[in-house]
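Text of coords.txt (compact mmCIF, C-alpha atoms) as supplied:
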# COMPACT_ATOMS: atom_id res chain seq x y z
CA MET G 337 7.93 -30.06 0.01
CA THR G 338 4.64 -28.79 -1.44
CA PRO G 339 3.30 -25.22 -1.24
CA PRO G 340 0.85 -24.64 1.62
CA ARG G 341 -2.81 -24.61 0.68
CA ALA G 342 -5.23 -21.81 1.42
CA HIS G 343 -7.36 -22.44 4.50
CA GLU G 344 -10.17 -24.66 3.23
CA ASP G 345 -12.74 -23.30 5.70
CA CYS G 346 -12.53 -19.66 4.54
CA ALA G 347 -14.92 -19.21 1.64
CA PRO G 348 -15.00 -16.05 -0.55
CA GLY G 349 -18.40 -15.09 0.84
CA GLU G 350 -17.18 -14.83 4.43
CA GLY G 351 -16.59 -11.55 6.21
CA GLU G 352 -13.41 -9.57 5.77
CA SER G 353 -12.23 -9.99 9.34
CA THR G 354 -12.73 -13.76 9.09
CA ARG G 355 -10.83 -13.82 5.81
CA SER G 356 -8.01 -11.67 7.24
CA VAL G 357 -7.57 -14.06 10.16
CA HIS G 358 -7.52 -17.26 8.10
CA ALA G 359 -6.05 -16.15 4.76
CA GLY G 360 -3.06 -18.16 3.60
CA ARG G 361 -2.99 -20.47 6.61
CA PRO G 362 -2.80 -24.23 6.06
CA PRO G 363 -5.60 -26.56 7.15
CA ALA G 364 -5.52 -27.43 10.84
CA GLU G 365 -3.21 -30.34 11.66
CA PRO G 366 -3.01 -32.11 15.02
CA TYR G 367 -0.29 -30.64 17.24
CA GLU G 368 0.84 -28.14 14.58
CA PRO G 369 0.66 -24.32 14.85
CA SER G 370 -2.06 -22.54 12.91
CA LEU G 371 0.62 -20.40 11.26
CA PRO G 372 3.88 -22.33 10.78
CA GLY G 373 7.02 -20.44 11.72
CA PRO G 374 9.35 -18.75 9.22
CA VAL G 375 11.51 -20.97 7.04
CA PHE G 376 15.14 -19.84 7.01
CA ALA G 377 16.78 -21.52 4.03
CA ALA G 378 19.26 -20.46 1.39
CA HIS G 379 19.10 -23.88 -0.28
CA TYR G 380 17.06 -27.08 -0.16
CA HIS G 381 17.79 -30.79 -0.49
CA LEU G 382 17.41 -31.51 -4.22
CA PRO G 383 17.84 -35.18 -5.09
CA GLY G 384 17.63 -35.98 -8.80
CA GLU G 385 16.10 -33.37 -11.09
CA ALA G 386 15.49 -30.04 -9.33
CA THR G 387 11.81 -29.63 -10.14
CA GLY G 388 10.84 -27.63 -7.06
CA PRO G 389 8.66 -26.05 -5.86
CA TYR G 390 11.48 -24.89 -3.57
CA THR G 391 14.99 -25.06 -4.98
CA TYR G 392 16.89 -21.93 -3.93
CA GLY G 393 16.29 -19.13 -1.44
CA ARG G 394 16.24 -16.34 -4.02
CA ASP G 395 13.53 -18.10 -6.04
CA GLU G 396 10.88 -19.20 -3.55
CA ASN G 397 10.29 -19.75 0.15
CA PRO G 398 7.36 -21.48 1.92
CA THR G 399 6.90 -18.47 4.18
CA TRP G 400 6.55 -16.20 1.13
CA THR G 401 4.08 -18.63 -0.39
CA ARG G 402 1.77 -18.48 2.60
CA LEU G 403 1.76 -14.66 2.71
CA GLU G 404 1.34 -14.43 -1.06
CA ARG G 405 -1.64 -16.76 -0.89
CA ALA G 406 -3.11 -14.68 1.94
CA ILE G 407 -2.76 -11.35 0.13
CA SER G 408 -4.27 -12.84 -3.02
CA GLU G 409 -7.30 -13.93 -1.00
CA LEU G 410 -7.73 -10.38 0.31
CA GLU G 411 -7.13 -8.61 -3.01
CA VAL G 412 -9.29 -11.00 -5.08
CA PRO G 413 -11.57 -13.03 -2.76
CA GLU G 414 -13.27 -14.73 -5.67
CA GLY G 415 -9.87 -15.74 -7.14
CA PRO G 416 -7.78 -16.68 -8.92
CA ALA G 417 -4.86 -14.26 -8.51
CA GLU G 418 -1.13 -14.38 -7.93
CA THR G 419 0.86 -12.24 -5.50
CA ILE G 420 4.62 -11.68 -5.44
CA VAL G 421 6.12 -10.24 -2.24
CA PHE G 422 9.17 -7.97 -2.14
CA SER G 423 11.65 -6.55 0.31
CA SER G 424 9.98 -3.12 0.20
CA GLY G 425 7.19 -1.18 -1.44
CA MET G 426 9.64 0.43 -3.82
CA GLY G 427 10.89 -3.01 -4.82
CA ALA G 428 7.33 -3.88 -5.78
CA ILE G 429 6.77 -0.60 -7.62
CA ALA G 430 10.03 -0.87 -9.54
CA SER G 431 9.28 -4.48 -10.47
CA VAL G 432 6.12 -3.51 -12.36
CA LEU G 433 7.58 -0.48 -14.09
CA LEU G 434 10.86 -2.08 -15.05
CA SER G 435 9.49 -5.48 -16.02
CA GLN G 436 6.78 -4.11 -18.30
CA VAL G 437 8.36 -1.29 -20.31
CA ARG G 438 11.16 -1.12 -22.83
CA SER G 439 13.06 1.58 -24.66
CA GLY G 440 10.63 3.50 -26.84
CA ASP G 441 7.62 2.86 -24.57
CA THR G 442 5.68 5.56 -22.72
CA VAL G 443 4.63 5.48 -19.06
CA VAL G 444 2.01 7.76 -17.50
CA LEU G 445 2.75 8.62 -13.85
CA PRO G 446 0.79 10.78 -11.41
CA SER G 447 2.54 14.12 -10.94
CA ASP G 448 1.44 14.05 -7.28
CA SER G 449 2.34 10.47 -6.39
CA TYR G 450 4.68 9.27 -3.67
CA GLN G 451 7.96 11.06 -4.33
CA ALA G 452 10.04 7.88 -4.54
CA THR G 453 7.76 6.63 -7.33
CA ARG G 454 8.33 9.86 -9.24
CA SER G 455 12.05 9.54 -8.64
CA LEU G 456 11.97 6.60 -11.06
CA GLN G 457 11.22 9.03 -13.89
CA GLN G 458 14.90 9.84 -14.41
CA ARG G 459 15.84 6.16 -14.39
CA LEU G 460 13.10 5.28 -16.88
CA GLU G 461 14.11 8.13 -19.19
CA SER G 462 17.74 7.01 -19.04
CA TYR G 463 16.55 3.68 -20.47
CA GLY G 464 14.78 5.42 -23.34
CA VAL G 465 11.28 5.32 -21.82
CA ALA G 466 9.15 8.45 -22.20
CA VAL G 467 7.36 9.58 -19.03
CA ARG G 468 4.24 11.71 -18.98
CA LEU G 469 3.00 13.30 -15.75
CA ALA G 470 -0.57 14.26 -14.92
CA PRO G 471 -2.30 14.93 -11.57
CA THR G 472 -4.59 12.46 -9.85
CA ALA G 473 -7.57 14.75 -9.29
CA GLY G 474 -10.21 15.01 -11.99
CA ASP G 475 -8.98 11.85 -13.74
CA ALA G 476 -6.49 14.10 -15.52
CA GLN G 477 -4.38 11.12 -16.59
CA LEU G 478 -7.03 10.33 -19.20
CA GLU G 479 -5.54 13.02 -21.43
CA ALA G 480 -2.10 11.40 -21.38
CA LEU G 481 -2.99 7.83 -22.40
CA LEU G 482 -2.56 7.98 -26.18
CA GLY G 483 0.29 5.69 -27.25
CA ALA G 484 1.28 4.72 -23.69
CA LYS G 485 2.31 1.24 -22.57
CA LEU G 486 1.54 1.57 -18.85
CA LEU G 487 -0.65 3.82 -16.71
CA TRP G 488 0.34 4.17 -13.06
CA ILE G 489 -2.45 5.26 -10.69
CA GLU G 490 -2.09 6.19 -7.01
CA THR G 491 -5.41 6.70 -5.24
CA PRO G 492 -5.74 8.12 -2.66
CA SER G 493 -2.54 9.94 -3.53
CA ASN G 494 0.26 10.40 -1.03
CA PRO G 495 0.45 12.90 0.59
CA ALA G 496 -2.29 15.14 -0.87
CA LEU G 497 -5.11 12.52 -0.67
CA ASP G 498 -6.61 13.22 -4.07
CA VAL G 499 -8.69 10.42 -5.58
CA CYS G 500 -9.36 9.32 -9.16
CA ASP G 501 -11.92 6.96 -10.66
CA ILE G 502 -10.05 3.67 -11.13
CA ARG G 503 -12.77 2.02 -13.19
CA ARG G 504 -13.07 4.95 -15.58
CA LEU G 505 -9.31 5.23 -16.08
CA ALA G 506 -8.86 1.47 -16.47
CA GLU G 507 -11.59 1.20 -19.09
CA ALA G 508 -10.13 4.06 -21.09
CA ALA G 509 -6.62 2.66 -20.78
CA HIS G 510 -7.63 -0.82 -21.93
CA ARG G 511 -9.45 0.61 -24.94
CA ALA G 512 -6.12 2.21 -25.84
CA GLY G 513 -4.15 -1.00 -25.19
CA VAL G 514 -2.53 0.36 -22.02
CA LEU G 515 -1.74 -1.72 -18.93
CA VAL G 516 -2.95 -0.31 -15.59
CA ALA G 517 -1.20 -0.50 -12.21
CA VAL G 518 -2.70 0.95 -9.03
CA ASP G 519 -0.74 1.81 -5.91
CA ASN G 520 -3.17 0.62 -3.22
CA THR G 521 -0.94 1.35 -0.22
CA LEU G 522 -3.11 3.84 1.59
CA ALA G 523 -6.40 2.01 1.04
CA THR G 524 -5.23 -1.61 1.66
CA PRO G 525 -7.18 -4.52 0.12
CA LEU G 526 -9.89 -3.96 2.73
CA GLY G 527 -10.31 -0.36 1.59
CA GLN G 528 -10.49 -0.95 -2.15
CA ARG G 529 -9.74 -3.73 -4.62
CA PRO G 530 -8.12 -2.31 -7.76
CA LEU G 531 -8.25 -5.59 -9.71
CA GLY G 532 -12.02 -5.71 -9.22
CA LEU G 533 -12.18 -2.17 -10.62
CA GLY G 534 -10.32 -3.16 -13.79
CA ALA G 535 -6.62 -2.72 -13.01
CA ASP G 536 -4.03 -5.22 -14.20
CA PHE G 537 -1.79 -4.82 -11.13
CA SER G 538 -2.48 -3.95 -7.52
CA VAL G 539 0.76 -2.80 -5.90
CA ALA G 540 1.39 -1.74 -2.32
CA SER G 541 3.88 -1.15 0.41
CA GLY G 542 3.21 -3.70 3.12
CA THR G 543 5.34 -1.51 5.38
CA LYS G 544 2.30 0.66 6.02
CA ALA G 545 -1.19 -0.40 7.13
CA LEU G 546 -1.03 -3.96 5.78
CA SER G 547 1.46 -5.03 8.46
CA GLY G 548 0.57 -2.02 10.59
CA HIS G 549 3.14 -2.03 13.39
CA GLY G 550 5.94 0.09 11.95
CA ASP G 551 8.49 -2.69 12.43
CA LEU G 552 9.20 -4.12 8.97
CA LEU G 553 9.66 -3.27 5.29
CA LEU G 554 7.69 -5.19 2.67
CA GLY G 555 5.98 -4.75 -0.69
CA TYR G 556 3.79 -6.79 -2.99
CA VAL G 557 2.29 -7.03 -6.46
CA THR G 558 -0.98 -8.86 -7.17
CA THR G 559 -2.33 -9.65 -10.63
CA ARG G 560 -4.88 -11.98 -12.18
CA ALA G 561 -2.76 -12.58 -15.29
CA PRO G 562 -0.30 -15.51 -14.97
CA GLU G 563 1.96 -14.09 -17.69
CA LEU G 564 2.24 -10.74 -15.89
CA ALA G 565 2.93 -12.51 -12.59
CA ALA G 566 5.68 -14.55 -14.24
CA GLN G 567 7.35 -11.40 -15.57
CA VAL G 568 7.27 -9.71 -12.16
CA ARG G 569 8.50 -12.86 -10.40
CA ARG G 570 11.36 -13.17 -12.87
CA TRP G 571 12.34 -9.56 -12.19
CA ARG G 572 12.38 -10.26 -8.43
CA LYS G 573 14.63 -13.27 -8.92
CA THR G 574 16.99 -11.43 -11.24
CA VAL G 575 17.54 -8.35 -9.08
CA GLY G 576 17.21 -10.18 -5.75
CA ALA G 577 14.55 -7.87 -4.26
CA ILE G 578 13.38 -10.62 -1.92
CA PRO G 579 11.90 -10.25 1.57
CA GLY G 580 13.40 -11.89 4.62
CA PRO G 581 11.44 -14.85 5.98
CA MET G 582 11.06 -13.21 9.40
CA GLU G 583 9.58 -10.03 7.94
CA THR G 584 7.29 -12.12 5.77
CA TRP G 585 6.07 -14.17 8.72
CA LEU G 586 5.50 -11.06 10.84
CA ALA G 587 3.44 -9.49 8.05
CA HIS G 588 1.32 -12.62 7.74
CA ARG G 589 0.78 -12.74 11.48
CA SER G 590 -0.29 -9.08 11.39
CA LEU G 591 -3.03 -9.78 8.84
CA SER G 592 -5.10 -11.35 11.62
CA THR G 593 -5.83 -7.89 13.00
CA LEU G 594 -6.00 -6.02 9.69
CA ALA G 595 -9.78 -5.53 9.66
CA LEU G 596 -9.80 -4.47 13.31
CA ARG G 597 -7.00 -1.98 12.73
CA VAL G 598 -8.27 -0.38 9.54
CA ASP G 599 -11.80 -0.08 10.89
CA ARG G 600 -10.54 1.69 14.01
CA GLN G 601 -8.15 3.89 12.04
CA ALA G 602 -10.81 4.92 9.53
CA ALA G 603 -13.15 5.93 12.35
CA ASN G 604 -10.37 7.78 14.16
CA ALA G 605 -9.28 9.60 11.01
CA LEU G 606 -12.81 10.80 10.38
CA ALA G 607 -13.12 11.98 14.00
CA LEU G 608 -9.88 13.95 13.69
CA ALA G 609 -10.90 15.48 10.37
CA GLU G 610 -14.23 16.57 11.81
CA ALA G 611 -12.50 18.11 14.83
CA LEU G 612 -10.17 20.11 12.58
CA ARG G 613 -12.86 21.34 10.21
CA ASP G 614 -13.59 24.57 12.10
CA ARG G 615 -10.11 25.39 13.37
CA PRO G 616 -9.15 28.83 12.02
CA GLU G 617 -5.43 28.01 11.74
CA VAL G 618 -6.12 24.89 9.62
CA THR G 619 -6.50 25.17 5.85
CA GLY G 620 -6.52 22.60 3.05
CA LEU G 621 -8.02 19.88 5.27
CA ARG G 622 -8.26 16.58 3.38
CA HIS G 623 -9.60 13.13 4.17
CA PRO G 624 -11.46 11.14 1.49
CA GLY G 625 -14.07 9.92 4.00
CA LEU G 626 -15.04 13.41 5.10
CA PRO G 627 -18.34 14.50 3.50
CA GLY G 628 -17.59 17.69 1.64
CA ASP G 629 -14.01 16.66 0.79
CA PRO G 630 -13.35 17.20 -2.95
CA ALA G 631 -12.62 13.47 -3.31
CA TYR G 632 -15.54 12.17 -1.27
CA GLN G 633 -17.99 11.31 -4.05
CA VAL G 634 -15.48 9.38 -6.15
CA ALA G 635 -13.95 7.72 -3.09
CA ALA G 636 -17.36 6.61 -1.81
CA GLY G 637 -18.00 4.92 -5.15
CA GLN G 638 -14.93 2.67 -5.01
CA MET G 639 -13.65 2.52 -1.43
CA ARG G 640 -15.07 0.54 1.48
CA ARG G 641 -12.78 2.16 4.06
CA PHE G 642 -11.14 5.56 3.69
CA GLY G 643 -7.76 5.03 5.31
CA SER G 644 -5.84 6.36 8.26
CA VAL G 645 -4.40 9.59 6.88
CA VAL G 646 -5.59 13.16 7.36
CA SER G 647 -3.68 16.05 5.79
CA PHE G 648 -3.91 19.76 6.51
CA THR G 649 -1.86 22.93 6.29
CA LEU G 650 -0.80 25.24 9.11
CA PRO G 651 0.21 28.87 8.51
CA ASP G 652 3.95 28.35 7.96
CA ARG G 653 6.94 26.13 8.68
CA GLY G 654 7.56 27.48 12.16
CA TYR G 655 3.92 27.12 13.15
CA ALA G 656 3.89 23.52 11.93
CA GLU G 657 7.09 22.66 13.77
CA ARG G 658 5.81 24.15 17.02
CA PHE G 659 2.59 22.17 16.61
CA LEU G 660 4.50 18.93 16.09
CA ALA G 661 6.72 19.65 19.09
CA GLY G 662 3.60 20.14 21.20
CA LEU G 663 2.18 16.69 20.48
CA ARG G 664 2.53 14.36 23.45
CA MET G 665 1.02 11.07 22.31
CA THR G 666 1.79 11.37 18.59
CA THR G 667 5.25 10.52 17.26
CA GLU G 668 6.89 12.80 14.71
CA ALA G 669 7.82 10.27 12.05
CA THR G 670 7.48 9.52 8.38
CA SER G 671 5.42 6.64 6.95
CA PHE G 672 1.80 5.94 7.89
CA GLY G 673 -0.63 3.17 8.77
CA SER G 674 0.91 2.12 12.08
CA VAL G 675 -1.08 1.28 15.21
CA THR G 676 0.55 4.35 16.77
CA SER G 677 -0.35 7.85 15.60
CA THR G 678 2.39 9.66 13.68
CA ALA G 679 2.65 13.05 12.03
CA GLU G 680 5.20 15.03 10.07
CA ARG G 681 5.76 18.26 8.20
CA ARG G 682 5.95 16.68 4.80
CA ALA G 683 7.86 19.50 3.07
CA ARG G 684 10.96 18.75 5.13
CA TRP G 685 11.87 16.00 2.67
CA GLY G 686 11.48 18.05 -0.51
CA GLY G 687 10.06 16.47 -3.63
CA ASP G 688 6.36 17.05 -2.84
CA ALA G 689 4.51 20.13 -4.11
CA VAL G 690 3.08 20.98 -0.70
CA PRO G 691 3.23 24.16 1.44
CA GLU G 692 5.89 24.48 4.14
CA GLY G 693 3.20 24.07 6.81
CA PHE G 694 1.65 20.92 5.29
CA ILE G 695 1.04 18.16 7.85
CA ARG G 696 0.48 14.50 7.01
CA PHE G 697 -1.16 12.90 10.04
CA SER G 698 -1.59 9.13 10.33
CA VAL G 699 -4.01 8.13 13.06
CA GLY G 700 -3.37 5.00 15.05
CA VAL G 701 -5.70 2.75 16.99
CA GLU G 702 -5.62 4.77 20.20
CA ASP G 703 -8.94 6.11 21.50
CA ALA G 704 -10.31 8.76 19.18
CA ALA G 705 -10.86 11.21 22.04
CA ASP G 706 -7.20 10.93 23.02
CA ILE G 707 -5.96 11.47 19.46
CA VAL G 708 -8.21 14.50 18.97
CA GLY G 709 -7.33 15.84 22.40
CA ASP G 710 -3.59 15.57 21.70
CA VAL G 711 -3.95 17.44 18.41
CA LEU G 712 -6.19 20.20 19.75
CA ARG G 713 -3.97 20.77 22.80
CA ALA G 714 -0.94 21.04 20.54
CA LEU G 715 -2.74 23.55 18.31
CA ASP G 716 -3.91 25.56 21.30
CA GLY G 717 -0.36 25.64 22.64
CA VAL G 718 1.27 27.09 19.52
CA LYS G 719 2.60 30.56 20.30
As structure tokens, please, write out the structure in this file.
Amino acid sequence: MTPPRAHEDCAPGEGESTRSVHAGRPPAEPYEPSLPGPVFAAHYHLPGEATGPYTYGRDENPTWTRLERAISELEVPEGPAETIVFSSGMGAIASVLLSQVRSGDTVVLPSDSYQATRSLQQRLESYGVAVRLAPTAGDAQLEALLGAKLLWIETPSNPALDVCDIRRLAEAAHRAGVLVAVDNTLATPLGQRPLGLGADFSVASGTKALSGHGDLLLGYVTTRAPELAAQVRRWRKTVGAIPGPMETWLAHRSLSTLALRVDRQAANALALAEALRDRPEVTGLRHPGLPGDPAYQVAAGQMRRFGSVVSFTLPDRGYAERFLAGLRMTTEATSFGSVTSTAERRARWGGDAVPEGFIRFSVGVEDAADIVGDVLRALDGVK
């Protein structure tokens, strides 16, 4: 069995929706599906010397290969690049951090990143790795680079939606001999391409907007460097952080609508942010695509789409909970990037330095007027 080829008719210069539809699919064959079904296999028939490419289910799978090829085409349209898919976003994040650093090394993490990423600090320190924290805004991580092995960037940050200049940080890091990884979960490859901005790794949770239906867990790492890809792939094999073939196939199928979804969500998020701008009970409104947002200028210089998330703060915990209870179309749930709108009071989890009334709102692909109407009715109904 040979790995599937990228679709030969999808050239790098084609539009992003075209690329999303065709990425990673094999050339058309008579009487065969355009996207072959998932391959469920723990082992393969191996006559003679086991030279692969598929030898054992923890090493490789044809369904993974197709999705990995597809994501590589989206992250680096001009190629070449390698992608490694994982069972979750945290599997992907951990693979980069734990495959690249050793005892005595230093890692720079954002102090305002996704809380599960920061939870790795204790684990890294227990292995003898020093961890420095600095906020995303203002490119503050620049001051922490000296002597580091790896810089971890998350932009836009989750949940506060601060943005940093990837190109500036990557150039400074490389001058200092520091590897750069960017968590690209919120932006997706159609929102920004970290490797094109100088990063060594683009890492994301495919659970969110990439697959976009809130029905699977997945993560991935993309890099241009074969030696870095080999190290990450070896880590996946060793710890067994592999995705199921069904989840992988569903994620690949979902890529066909990625451009449609993220375009609609970006427009809806901007409409919601604009509707909230003059509400007296709303403070701390953030969306990187909103002109006047503190992150707008930097975001506009490196992002092509601004994502689905709007954050804002209501007066207190009780006010926020009554607002959430008043939503009729919007589900109160964690995560973001789904086709359905979701919202939550983020402080309920702990771990994020946000006010008790802080709301992270992820807009779906419903009609913008309905999303805005649901939110404004809920705000008006808070007693």
Nearest to Phe659 (chain G) among G:Lys719, G:Arg459, G:His549, G:His379, with distances taken over only C-alpha atoms: which residue is it?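 Of all the options, G:Lys719 lies closest to Phe659 (chain G).
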What is the CA of His358 (chain G)-CA of Ala406 (chain G) distance in Å, reported with one decimal?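 So the answer is 8.0 Å.
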Pairwise distance, CA of Thr442 (chain G) with CA of Val465 (chain G), equals 5.7 Å
What is the CA of Gly700 (chain G)-CA of Gly673 (chain G) distance in Å, reported with one decimal?
->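 It comes out at 7.1 Å.
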From the list G:Pro374, G:Pro363, G:Gly542, G:Gly548, which residue is nearest Leu596 (chain G) when using all atoms listed in the file?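 With all atoms listed in the file as the atom set, the closest residue is G:Gly548.
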Requested in this report: Would you list the contacts of Leu712 (chain G) as a PyMOL selection string, taking every protein, DNA or RNA residue within 12 Å and counting all atoms listed in the file, but skipping same-chain residues closer than 3 positions in sequence?
Outcome: chain G and resi 608-618+659-660+662-666+705-709+715-718
From the list G:Gly393, G:Gly425, G:Pro691, G:Gly637, the nearest residue to Lys573 (chain G) using only C-alpha atoms is G:Gly393
- request: Quick one: everything within 12 Å of His381 (chain G), counting all atoms listed in the file, minus sequence neighbours fewer than 3 positions away in the same chain. Send it as a list in words.
  value: Met337, Ala377, Ala378, Gly384, Glu385, Ala386, Thr387, Gly388, Pro389, Tyr390, Thr391, Tyr392 and Gly393 of chain G
Select, from G:Leu564, G:Val437, G:Ala631, G:Leu486, the residue with the minimum atom-to-atom distance to Gly474 (chain G), counting all atoms listed in the file.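 Closest to Gly474 (chain G) of all the choices is G:Ala631.
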- Item | Among listed residues G:Tyr450, G:Tyr463, G:Phe642, G:Trp488, nearest Ser541 (chain G) (using all atoms listed in the file) |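 Looking only at the distances to Ser541 (chain G), the closest residue turns out to be G:Tyr450.
Closest approach to Leu403 (chain G) among G:Glu352, G:Glu583, G:Asp551, G:Glu368 is made by G:Glu583 (distances from all atoms listed in the file).
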Please build the interface table for region 573-640 of chain G against region 526-537 of chain G with a cut-off of 7 Å, listing for each qualifying residue the nearest atom pair and the distance in Å to one decimal; count only C-alpha atoms, order rows by chain and increasing number, and write it as JSON lines.
{"residue": "G:Gln638", "atom": "CA", "partner": "G:Gln528", "partner_atom": "CA", "distance": 6.4}
{"residue": "G:Met639", "atom": "CA", "partner": "G:Gln528", "partner_atom": "CA", "distance": 4.7}
{"residue": "G:Arg640", "atom": "CA", "partner": "G:Gly527", "partner_atom": "CA", "distance": 4.8}
Select, counting all atoms listed in the file, all protein, DNA and RNA residues no farther than 12 Å from (0.0, -3.8, 8.3) in file coordinates, and express the selection as a PDB file with C-alpha atoms, in the frame of the given file.
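So the final result, stored in point12.pdb, reads:
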ATOM      1  CA  SER G 356      -8.010 -11.670   7.240  1.00  0.00           C
ATOM      2  CA  ILE G 407      -2.760 -11.350   0.130  1.00  0.00           C
ATOM      3  CA  THR G 521      -0.940   1.350  -0.220  1.00  0.00           C
ATOM      4  CA  LEU G 522      -3.110   3.840   1.590  1.00  0.00           C
ATOM      5  CA  ALA G 523      -6.400   2.010   1.040  1.00  0.00           C
ATOM      6  CA  THR G 524      -5.230  -1.610   1.660  1.00  0.00           C
ATOM      7  CA  PRO G 525      -7.180  -4.520   0.120  1.00  0.00           C
ATOM      8  CA  LEU G 526      -9.890  -3.960   2.730  1.00  0.00           C
ATOM      9  CA  ALA G 540       1.390  -1.740  -2.320  1.00  0.00           C
ATOM     10  CA  SER G 541       3.880  -1.150   0.410  1.00  0.00           C
ATOM     11  CA  GLY G 542       3.210  -3.700   3.120  1.00  0.00           C
ATOM     12  CA  THR G 543       5.340  -1.510   5.380  1.00  0.00           C
ATOM     13  CA  LYS G 544       2.300   0.660   6.020  1.00  0.00           C
ATOM     14  CA  ALA G 545      -1.190  -0.400   7.130  1.00  0.00           C
ATOM     15  CA  LEU G 546      -1.030  -3.960   5.780  1.00  0.00           C
ATOM     16  CA  SER G 547       1.460  -5.030   8.460  1.00  0.00           C
ATOM     17  CA  GLY G 548       0.570  -2.020  10.590  1.00  0.00           C
ATOM     18  CA  HIS G 549       3.140  -2.030  13.390  1.00  0.00           C
ATOM     19  CA  GLY G 550       5.940   0.090  11.950  1.00  0.00           C
ATOM     20  CA  ASP G 551       8.490  -2.690  12.430  1.00  0.00           C
ATOM     21  CA  LEU G 552       9.200  -4.120   8.970  1.00  0.00           C
ATOM     22  CA  LEU G 553       9.660  -3.270   5.290  1.00  0.00           C
ATOM     23  CA  LEU G 554       7.690  -5.190   2.670  1.00  0.00           C
ATOM     24  CA  GLY G 555       5.980  -4.750  -0.690  1.00  0.00           C
ATOM     25  CA  GLU G 583       9.580 -10.030   7.940  1.00  0.00           C
ATOM     26  CA  THR G 584       7.290 -12.120   5.770  1.00  0.00           C
ATOM     27  CA  LEU G 586       5.500 -11.060  10.840  1.00  0.00           C
ATOM     28  CA  ALA G 587       3.440  -9.490   8.050  1.00  0.00           C
ATOM     29  CA  HIS G 588       1.320 -12.620   7.740  1.00  0.00           C
ATOM     30  CA  ARG G 589       0.780 -12.740  11.480  1.00  0.00           C
ATOM     31  CA  SER G 590      -0.290  -9.080  11.390  1.00  0.00           C
ATOM     32  CA  LEU G 591      -3.030  -9.780   8.840  1.00  0.00           C
ATOM     33  CA  SER G 592      -5.100 -11.350  11.620  1.00  0.00           C
ATOM     34  CA  THR G 593      -5.830  -7.890  13.000  1.00  0.00           C
ATOM     35  CA  LEU G 594      -6.000  -6.020   9.690  1.00  0.00           C
ATOM     36  CA  ALA G 595      -9.780  -5.530   9.660  1.00  0.00           C
ATOM     37  CA  LEU G 596      -9.800  -4.470  13.310  1.00  0.00           C
ATOM     38  CA  ARG G 597      -7.000  -1.980  12.730  1.00  0.00           C
ATOM     39  CA  VAL G 598      -8.270  -0.380   9.540  1.00  0.00           C
ATOM     40  CA  GLN G 601      -8.150   3.890  12.040  1.00  0.00           C
ATOM     41  CA  SER G 644      -5.840   6.360   8.260  1.00  0.00           C
ATOM     42  CA  SER G 671       5.420   6.640   6.950  1.00  0.00           C
ATOM     43  CA  PHE G 672       1.800   5.940   7.890  1.00  0.00           C
ATOM     44  CA  GLY G 673      -0.630   3.170   8.770  1.00  0.00           C
ATOM     45  CA  SER G 674       0.910   2.120  12.080  1.00  0.00           C
ATOM     46  CA  VAL G 675      -1.080   1.280  15.210  1.00  0.00           C
ATOM     47  CA  THR G 676       0.550   4.350  16.770  1.00  0.00           C
ATOM     48  CA  GLY G 700      -3.370   5.000  15.050  1.00  0.00           C
TER      49      GLY G 700
END
